[in-house]
$ cat coords-v4.txt   # compact mmCIF, C-alpha atoms
# COMPACT_ATOMS: atom_id res chain seq x y z
CA MET A 1 -120.76 -44.39 162.48
CA ALA A 2 -119.15 -43.75 165.88
CA ARG A 3 -118.89 -46.00 168.97
CA ILE A 4 -118.81 -44.45 172.45
CA ALA A 5 -117.08 -46.25 175.32
CA ILE A 6 -118.31 -45.50 178.85
CA CYS A 7 -115.64 -46.27 181.43
CA SER A 8 -115.77 -46.08 185.21
CA PHE A 9 -112.94 -46.35 187.73
CA ASN A 10 -112.51 -46.31 191.46
CA PRO A 11 -110.75 -43.29 192.98
CA SER A 12 -107.60 -43.70 195.04
CA PRO A 13 -107.92 -44.24 198.80
CA SER A 14 -106.63 -40.73 199.45
CA LEU A 15 -109.61 -39.28 197.60
CA SER A 16 -112.37 -41.60 198.85
CA SER A 17 -112.90 -43.93 201.73
CA ALA A 18 -114.99 -46.29 199.67
CA ALA A 19 -113.76 -49.79 199.05
CA SER A 20 -111.70 -50.16 195.97
CA GLY A 21 -113.00 -52.35 193.20
CA PRO A 22 -112.04 -53.38 189.70
CA SER A 23 -112.37 -50.75 186.97
CA LYS A 24 -115.16 -51.32 184.48
CA CYS A 25 -115.45 -50.32 180.84
CA ILE A 26 -118.81 -50.65 179.05
CA LEU A 27 -119.06 -50.28 175.30
CA ALA A 28 -122.19 -48.39 174.33
CA PRO A 29 -124.06 -49.21 171.14
CA PRO A 30 -122.93 -47.34 168.05
CA LEU A 31 -124.52 -43.92 167.43
CA LEU A 32 -124.97 -42.12 164.15
CA LEU A 33 -123.57 -38.62 164.65
CA PRO A 34 -124.17 -36.11 161.80
CA LEU A 35 -120.96 -34.37 160.87
CA LYS A 36 -121.41 -31.03 159.04
CA LEU A 37 -118.34 -29.36 157.67
CA SER A 38 -118.28 -25.89 156.16
CA GLN A 39 -117.29 -26.06 152.51
CA SER A 40 -115.81 -22.60 152.67
CA ARG A 41 -113.06 -23.90 154.97
CA PHE A 42 -111.96 -26.47 152.44
CA ARG A 43 -112.51 -24.48 149.28
CA ALA A 44 -109.23 -24.02 147.45
CA ARG A 45 -108.23 -20.46 146.71
CA ARG A 46 -107.99 -19.72 143.03
CA PRO A 47 -104.43 -18.89 142.00
CA LEU A 48 -103.87 -15.33 140.85
CA VAL A 49 -102.32 -15.72 137.41
CA ALA A 50 -102.88 -13.78 134.21
CA VAL A 51 -102.39 -16.11 131.26
CA VAL A 52 -100.43 -14.36 128.55
CA ALA A 53 -100.04 -16.08 125.20
CA ARG A 54 -96.86 -15.43 123.34
CA TYR A 55 -95.57 -17.78 120.73
CA GLY A 56 -92.34 -18.23 118.88
CA GLY A 57 -88.99 -19.83 119.47
CA GLY A 58 -90.23 -23.41 119.60
CA GLY A 59 -93.67 -23.41 121.23
CA TYR A 60 -95.60 -21.77 124.02
CA ARG A 61 -93.76 -19.31 126.25
CA PRO A 62 -95.62 -17.82 129.19
CA GLY A 63 -95.42 -14.05 129.09
CA PRO A 64 -95.23 -11.63 132.00
CA SER A 65 -97.97 -12.14 134.57
CA ARG A 66 -99.27 -10.30 137.59
CA ARG A 67 -97.87 -11.02 140.99
CA ARG A 68 -99.06 -10.27 144.49
CA SER A 69 -96.89 -7.88 146.47
CA GLY A 70 -95.97 -8.13 150.12
CA ASP A 71 -98.89 -5.97 151.25
CA ASN A 72 -101.33 -8.40 149.60
CA ARG A 73 -102.20 -6.02 146.74
CA LEU A 74 -101.86 -6.47 143.01
CA ALA A 75 -98.62 -5.11 141.62
CA ALA A 76 -98.17 -4.86 137.84
CA ASP A 77 -95.05 -6.35 136.36
CA PRO A 78 -93.03 -3.64 134.57
CA ASP A 79 -92.75 -6.01 131.59
CA TYR A 80 -96.50 -6.67 131.50
CA ASP A 81 -97.95 -6.06 128.02
CA PRO A 82 -101.77 -5.87 127.87
CA ALA A 83 -101.70 -6.52 124.12
CA LEU A 84 -100.40 -10.03 124.84
CA ASP A 85 -102.82 -10.78 127.69
CA LEU A 86 -105.47 -12.99 126.06
CA ASP A 87 -106.99 -13.77 129.43
CA ARG A 88 -108.69 -10.36 129.54
CA LEU A 89 -110.81 -11.17 126.48
CA ASN A 90 -114.40 -12.13 127.28
CA SER A 91 -115.18 -13.55 123.83
CA THR A 92 -114.54 -17.12 122.72
CA SER A 93 -114.11 -16.06 119.08
CA VAL A 94 -111.87 -13.40 117.55
CA ARG A 95 -111.35 -11.67 114.22
CA LEU A 96 -107.88 -12.68 113.10
CA LEU A 97 -105.38 -10.96 110.81
CA ASP A 98 -102.23 -12.63 109.52
CA GLU A 99 -98.75 -11.13 109.63
CA GLN A 100 -99.40 -9.28 106.30
CA GLN A 101 -102.62 -7.81 107.79
CA ASN A 102 -104.82 -9.97 105.56
CA MET A 103 -108.19 -10.85 107.06
CA LEU A 104 -108.45 -14.54 107.96
CA GLY A 105 -111.97 -14.23 109.30
CA VAL A 106 -113.64 -15.03 112.62
CA VAL A 107 -112.13 -18.04 114.37
CA LEU A 108 -112.20 -19.51 117.84
CA ILE A 109 -109.57 -18.10 120.15
CA ASP A 110 -108.15 -21.59 120.68
CA GLU A 111 -107.74 -21.94 116.92
CA ALA A 112 -105.94 -18.58 116.76
CA VAL A 113 -103.60 -19.72 119.54
CA ARG A 114 -102.91 -22.98 117.70
CA MET A 115 -102.15 -21.13 114.44
CA ALA A 116 -99.74 -18.78 116.22
CA ASN A 117 -98.03 -21.68 117.91
CA ASP A 118 -97.64 -23.66 114.70
CA ALA A 119 -96.18 -20.68 112.83
CA GLU A 120 -94.04 -19.56 115.81
CA LEU A 121 -95.58 -16.09 115.70
CA ILE A 122 -96.76 -13.61 118.33
CA LEU A 123 -100.52 -13.33 118.82
CA ALA A 124 -101.38 -9.77 119.90
CA ILE A 125 -104.60 -7.88 120.58
CA LEU A 126 -105.34 -4.94 118.29
CA SER A 127 -108.80 -4.05 119.61
CA ALA A 128 -110.14 -5.70 122.75
CA ASP A 129 -113.41 -3.70 122.73
CA ALA A 130 -114.47 -4.75 119.23
CA ASP A 131 -117.13 -7.41 118.71
CA PRO A 132 -115.51 -9.85 118.25
CA PRO A 133 -112.05 -8.69 119.43
CA VAL A 134 -109.46 -8.13 116.70
CA LEU A 135 -106.15 -10.01 116.95
CA ARG A 136 -103.15 -10.16 114.64
CA LEU A 137 -100.20 -12.44 114.09
CA PHE A 138 -96.77 -10.79 114.27
CA ASP A 139 -93.23 -11.90 113.93
CA THR A 140 -90.87 -10.54 116.58
CA SER A 141 -89.45 -7.60 114.61
CA ASP A 142 -92.85 -6.44 113.31
CA TYR A 143 -94.35 -6.59 116.78
CA GLN A 144 -91.55 -4.44 118.21
CA LYS A 145 -92.23 -1.83 115.51
CA HIS A 146 -95.96 -2.00 116.17
CA LYS A 147 -95.42 -1.58 119.90
CA TYR A 148 -93.16 1.44 119.35
CA GLU A 149 -95.74 3.12 117.09
CA GLN A 150 -98.50 2.56 119.66
CA GLN A 151 -96.38 4.09 122.43
CA LYS A 152 -95.57 7.06 120.19
CA LYS A 153 -99.27 7.68 119.45
CA LYS A 154 -100.07 7.48 123.14
CA ARG A 155 -97.45 10.11 123.99
CA VAL A 156 -98.82 12.44 121.28
CA GLN A 157 -102.37 12.05 122.62
CA GLN A 158 -101.21 12.81 126.14
CA LYS A 159 -99.47 15.98 124.96
CA ARG A 160 -102.59 17.11 123.08
CA SER A 161 -104.85 16.48 126.06
CA ALA A 162 -102.46 18.39 128.31
CA ALA A 163 -102.39 21.30 125.84
CA SER A 164 -106.19 21.42 125.60
CA ARG A 165 -106.60 21.37 129.38
CA VAL A 166 -107.68 24.78 130.74
CA ASN A 167 -105.95 25.93 133.92
CA ILE A 168 -107.47 28.19 136.55
CA LYS A 169 -105.24 30.96 137.82
CA GLU A 170 -106.10 32.48 141.21
CA LEU A 171 -105.59 36.14 142.09
CA LYS A 172 -106.20 37.23 145.69
CA MET A 173 -106.62 40.76 146.98
CA GLY A 174 -108.10 42.66 149.89
CA TYR A 175 -111.12 44.94 149.77
CA ASN A 176 -108.82 47.95 150.45
CA ILE A 177 -106.11 47.08 147.90
CA ASP A 178 -104.00 50.03 146.73
CA SER A 179 -103.87 51.18 143.12
CA HIS A 180 -100.41 49.74 142.36
CA ASP A 181 -101.25 46.20 143.54
CA TYR A 182 -104.58 46.44 141.75
CA SER A 183 -102.91 47.27 138.42
CA VAL A 184 -100.41 44.41 138.89
CA ARG A 185 -103.24 41.90 139.35
CA LEU A 186 -105.18 43.38 136.44
CA LYS A 187 -102.22 42.97 134.06
CA ALA A 188 -101.67 39.40 135.32
CA ALA A 189 -105.33 38.55 134.70
CA GLN A 190 -105.20 39.94 131.16
CA LYS A 191 -102.07 37.91 130.43
CA PHE A 192 -103.64 34.69 131.76
CA LEU A 193 -106.79 35.25 129.70
CA LYS A 194 -104.76 35.86 126.53
CA ASP A 195 -102.95 32.58 127.18
CA GLY A 196 -106.32 30.80 127.31
CA ASP A 197 -106.52 30.25 131.07
CA LYS A 198 -109.39 31.00 133.39
CA VAL A 199 -108.94 33.53 136.19
CA LYS A 200 -110.46 33.30 139.66
CA ILE A 201 -110.41 36.58 141.58
CA ILE A 202 -110.80 36.19 145.34
CA VAL A 203 -111.38 38.90 147.94
CA ASN A 204 -110.66 37.68 151.47
CA LEU A 205 -112.76 39.15 154.29
CA LYS A 206 -111.38 38.43 157.75
CA GLY A 207 -113.18 39.09 161.02
CA ARG A 208 -114.87 42.48 161.04
CA GLU A 209 -113.92 43.04 157.40
CA ASN A 210 -117.16 41.25 156.58
CA GLU A 211 -118.86 44.59 157.20
CA PHE A 212 -117.24 45.89 153.99
CA ARG A 213 -118.74 43.14 151.82
CA ASN A 214 -120.45 45.66 149.54
CA ILE A 215 -117.11 47.40 148.90
CA ALA A 216 -115.54 44.00 148.02
CA ILE A 217 -118.36 43.19 145.60
CA GLU A 218 -117.96 46.56 143.90
CA LEU A 219 -114.22 45.86 143.64
CA LEU A 220 -114.85 42.60 141.80
CA ARG A 221 -117.30 44.26 139.41
CA ARG A 222 -114.79 47.01 138.74
CA PHE A 223 -112.10 44.41 138.08
CA GLN A 224 -114.38 42.62 135.59
CA SER A 225 -115.11 45.90 133.85
CA ASP A 226 -111.41 46.77 133.60
CA VAL A 227 -110.59 43.38 132.09
CA GLY A 228 -113.07 44.26 129.34
CA GLU A 229 -114.00 42.04 126.41
CA LEU A 230 -111.16 39.61 127.04
CA ALA A 231 -113.24 37.67 129.57
CA ILE A 232 -116.73 36.32 130.10
CA GLU A 233 -118.12 35.72 133.57
CA GLU A 234 -118.38 31.98 134.23
CA SER A 235 -119.44 31.91 137.89
CA LYS A 236 -119.42 33.99 141.07
CA ASN A 237 -120.17 33.63 144.78
CA PHE A 238 -120.93 36.66 146.92
CA SER A 239 -122.59 34.82 149.82
CA GLU A 240 -119.55 33.38 151.64
CA ARG A 241 -116.84 35.18 153.60
CA ASN A 242 -114.33 34.79 150.77
CA ILE A 243 -116.18 36.14 147.76
CA PHE A 244 -114.90 35.31 144.29
CA MET A 245 -115.58 35.57 140.58
CA VAL A 246 -114.38 33.24 137.82
CA LEU A 247 -113.65 34.77 134.41
CA MET A 248 -113.14 32.63 131.33
CA PRO A 249 -111.42 33.86 128.13
CA ASN A 250 -113.55 35.20 125.30
CA LYS A 251 -112.17 33.00 122.53
CA ALA A 252 -113.14 35.31 119.66
CA ILE A 253 -111.54 38.39 121.21
CA VAL A 254 -108.46 36.46 122.39
CA GLN A 255 -107.90 35.00 118.94
CA LYS A 256 -108.26 38.43 117.34
CA THR A 257 -105.77 39.90 119.80
CA GLN A 258 -103.26 37.11 119.10
CA GLU A 259 -103.53 37.67 115.34
CA GLN A 260 -102.92 41.39 115.76
CA SER A 261 -99.86 40.78 117.92
CA LYS A 262 -98.45 38.38 115.30
CA LYS A 263 -98.85 41.01 112.57
CA LYS A 264 -96.95 43.55 114.65
CA GLU A 265 -94.11 41.08 115.18
CA LYS A 266 -93.57 40.50 111.44
CA PRO A 267 -90.30 42.16 110.32
CA VAL A 268 -90.48 44.87 107.66
CA PRO A 269 -88.54 43.80 104.52
CA GLU A 270 -85.53 45.98 103.74
CA VAL A 271 -85.55 47.82 100.42
CA SER A 272 -82.15 48.22 98.85
CA ALA A 273 -81.63 51.40 96.87
CA SER A 274 -80.16 50.80 93.44
CA VAL A 275 -77.77 53.39 92.00
$ encode --input "coords-v4.txt" --output "structure tokens"
Amino acid sequence: MARIAICSFNPSPSLSSAASGPSKCILAPPLLLPLKLSQSRFRARRPLVAVVARYGGGGYRPGPSRRRSGDNRLAADPDYDPALDLDRLNSTSVRLLDEQQNMLGVVLIDEAVRMANDAELILAILSADADPPVLRLFDTSDYQKHKYEQQKKKRVQQKRSAASRVNIKELKMGYNIDSHDYSVRLKAAQKFLKDGDKVKIIVNLKGRENEFRNIAIELLRRFQSDVGELAIEESKNFSERNIFMVLMPNKAIVQKTQEQSKKKEKPVPEVSASV
């Protein structure tokens, strides 16, 4: 409820020639004024904290969390361990293993936290995508070993994925390339294909050179023929100004060639002559 006061006053003689009189103030009856406030202005912002449960050494110890950098973006703590971040689990129950990897069954996540706290052990996530998620109790030394083994497996997987990745090698030449440069590019293509890489041969046509498109196409077909059985045509494009052809290695022929080269490299055993 609000009360409005209406006041009147007489101006000074310099502003009006009217006779001065006493000032009056009249209190108006109270009015009910609706006051609407936007809730969004008063809504508290949720703090940005990742709860990490780590136990041992006399009770709960908050683990590394995420912090907000100066440019208002999330920055990961270098000590952040996702295996200890229980806040990223969407399930209220978990499948729990003890420190000897014995199955304790499905329990509530709060119960698993309480058990880890009582035993002063580390509660870590083994599989967050399982249903329910799988967690295990560790002592400090066992968890360090487990973490090292996981990092080692990750490095091995990265090396294998990098080794299985096929690279594309590009070879460029003009439609009027001379025989020496042509043979150099042909040998390079054969080497790349034997190594298991794809080869993309590009013929650049600049300006009026587009008139010799047919000669460039014949050059690419000749190149493919000279490469022989080492390669299989994967794709080609003869419609644009820079025409190209992509050759992929013929795995059966490449493997056979590699085996033959290994046999040639085997040393011949020496035979000693006995007297």
$ closest_residue --input "coords-v4.txt" --among "A:Asn242, A:Gln158, A:Gln101, A:Gln150" --to "Tyr175 of chain A" --atoms "only C-alpha atoms"
A:Asn242
$ closest_residue --input "coords-v4.txt" --among "A:Val199, A:Ser161, A:Asp81, A:Ser239" --to "Gln224 of chain A" --atoms "all atoms listed in the file"
A:Val199
$ residues_around --input "coords-v4.txt" --residues "Ile109 of chain A" --least-positions-apart "2" --cutoff "10 Å" --atoms "all atoms listed in the file" --output "list in words"
Leu86, Leu89, Ser91, Thr92, Ser93, Val94, Arg95, Leu96, Val106, Val107, Glu111, Ala112, Val113, Arg114, Met115, Pro133 and Leu135 of chain A
$ closest_residue --input "coords-v4.txt" --among "A:Ser179, A:Gln255, A:Ser141, A:Gln190" --to "Val227 of chain A" --atoms "all atoms listed in the file"
A:Gln190
$ atom_distance --input "coords-v4.txt" --atom1 "atom CA of Pro82 of chain A" --atom2 "atom CA of Gln100 of chain A"
22.0 Å
$ atom_distance --input "coords-v4.txt" --atom1 "atom CA of Lys256 of chain A" --atom2 "atom CA of Ile232 of chain A"
15.5 Å
$ atom_distance --input "coords-v4.txt" --atom1 "atom CA of Arg160 of chain A" --atom2 "atom CA of Lys191 of chain A"
22.1 Å
$ closest_residue --input "coords-v4.txt" --among "A:Val184, A:Lys169, A:Gly105, A:Ala83" --to "Phe138 of chain A" --atoms "only C-alpha atoms"
A:Ala83
$ decode --input "coords-v4.txt" --residues "segment 136-156 of chain A" --atoms "N, CA, C and O atoms" --output "compact mmCIF listing (two decimals), in the first residue's frame"
# COMPACT_ATOMS: atom_id res chain seq x y z
N ARG A 136 34.78 -48.58 -8.12
CA ARG A 136 35.63 -49.47 -7.33
C ARG A 136 36.30 -48.68 -6.23
O ARG A 136 36.61 -47.50 -6.39
N LEU A 137 36.54 -49.36 -5.13
CA LEU A 137 37.27 -48.78 -4.00
C LEU A 137 38.75 -49.10 -4.16
O LEU A 137 39.13 -50.23 -4.45
N PHE A 138 39.59 -48.09 -3.98
CA PHE A 138 41.04 -48.24 -4.09
C PHE A 138 41.70 -47.67 -2.85
O PHE A 138 41.21 -46.68 -2.29
N ASP A 139 42.84 -48.26 -2.49
CA ASP A 139 43.72 -47.51 -1.60
C ASP A 139 44.64 -46.66 -2.48
O ASP A 139 44.65 -46.78 -3.70
N THR A 140 45.41 -45.79 -1.89
CA THR A 140 46.17 -44.80 -2.65
C THR A 140 47.16 -45.44 -3.61
O THR A 140 47.26 -45.07 -4.78
N SER A 141 47.91 -46.44 -3.14
CA SER A 141 48.94 -47.06 -3.99
C SER A 141 48.31 -47.82 -5.15
O SER A 141 48.78 -47.74 -6.29
N ASP A 142 47.23 -48.56 -4.88
CA ASP A 142 46.58 -49.32 -5.95
C ASP A 142 45.97 -48.39 -6.99
O ASP A 142 45.97 -48.70 -8.19
N TYR A 143 45.44 -47.26 -6.55
CA TYR A 143 44.85 -46.34 -7.52
C TYR A 143 45.91 -45.72 -8.43
O TYR A 143 45.68 -45.52 -9.62
N GLN A 144 47.08 -45.42 -7.86
CA GLN A 144 48.16 -44.88 -8.69
C GLN A 144 48.60 -45.89 -9.75
O GLN A 144 48.86 -45.52 -10.91
N LYS A 145 48.67 -47.17 -9.38
CA LYS A 145 49.00 -48.21 -10.35
C LYS A 145 47.91 -48.32 -11.42
O LYS A 145 48.21 -48.45 -12.62
N HIS A 146 46.66 -48.30 -10.98
CA HIS A 146 45.54 -48.38 -11.92
C HIS A 146 45.55 -47.20 -12.90
O HIS A 146 45.35 -47.37 -14.11
N LYS A 147 45.82 -46.03 -12.39
CA LYS A 147 45.86 -44.83 -13.24
C LYS A 147 46.99 -44.92 -14.25
O LYS A 147 46.83 -44.55 -15.43
N TYR A 148 48.14 -45.43 -13.83
CA TYR A 148 49.27 -45.58 -14.75
C TYR A 148 48.95 -46.57 -15.85
O TYR A 148 49.27 -46.34 -17.03
N GLU A 149 48.31 -47.69 -15.51
CA GLU A 149 47.95 -48.69 -16.52
C GLU A 149 46.95 -48.13 -17.52
O GLU A 149 47.05 -48.40 -18.73
N GLN A 150 45.99 -47.34 -17.05
CA GLN A 150 45.02 -46.75 -17.96
C GLN A 150 45.68 -45.76 -18.92
O GLN A 150 45.35 -45.73 -20.11
N GLN A 151 46.60 -44.96 -18.42
CA GLN A 151 47.31 -44.02 -19.29
C GLN A 151 48.18 -44.76 -20.30
O GLN A 151 48.29 -44.34 -21.47
N LYS A 152 48.77 -45.87 -19.90
CA LYS A 152 49.59 -46.67 -20.81
C LYS A 152 48.74 -47.26 -21.93
O LYS A 152 49.12 -47.25 -23.11
N LYS A 153 47.56 -47.80 -21.60
CA LYS A 153 46.65 -48.34 -22.61
C LYS A 153 46.19 -47.26 -23.58
O LYS A 153 46.07 -47.51 -24.78
N LYS A 154 45.95 -46.09 -23.06
CA LYS A 154 45.50 -44.99 -23.91
C LYS A 154 46.59 -44.60 -24.91
O LYS A 154 46.29 -44.34 -26.09
N ARG A 155 47.83 -44.56 -24.47
CA ARG A 155 48.93 -44.23 -25.38
C ARG A 155 49.09 -45.29 -26.47
O ARG A 155 49.34 -44.97 -27.64
N VAL A 156 48.92 -46.57 -26.11
CA VAL A 156 49.02 -47.65 -27.09
C VAL A 156 47.91 -47.55 -28.12
O VAL A 156 48.13 -47.72 -29.33
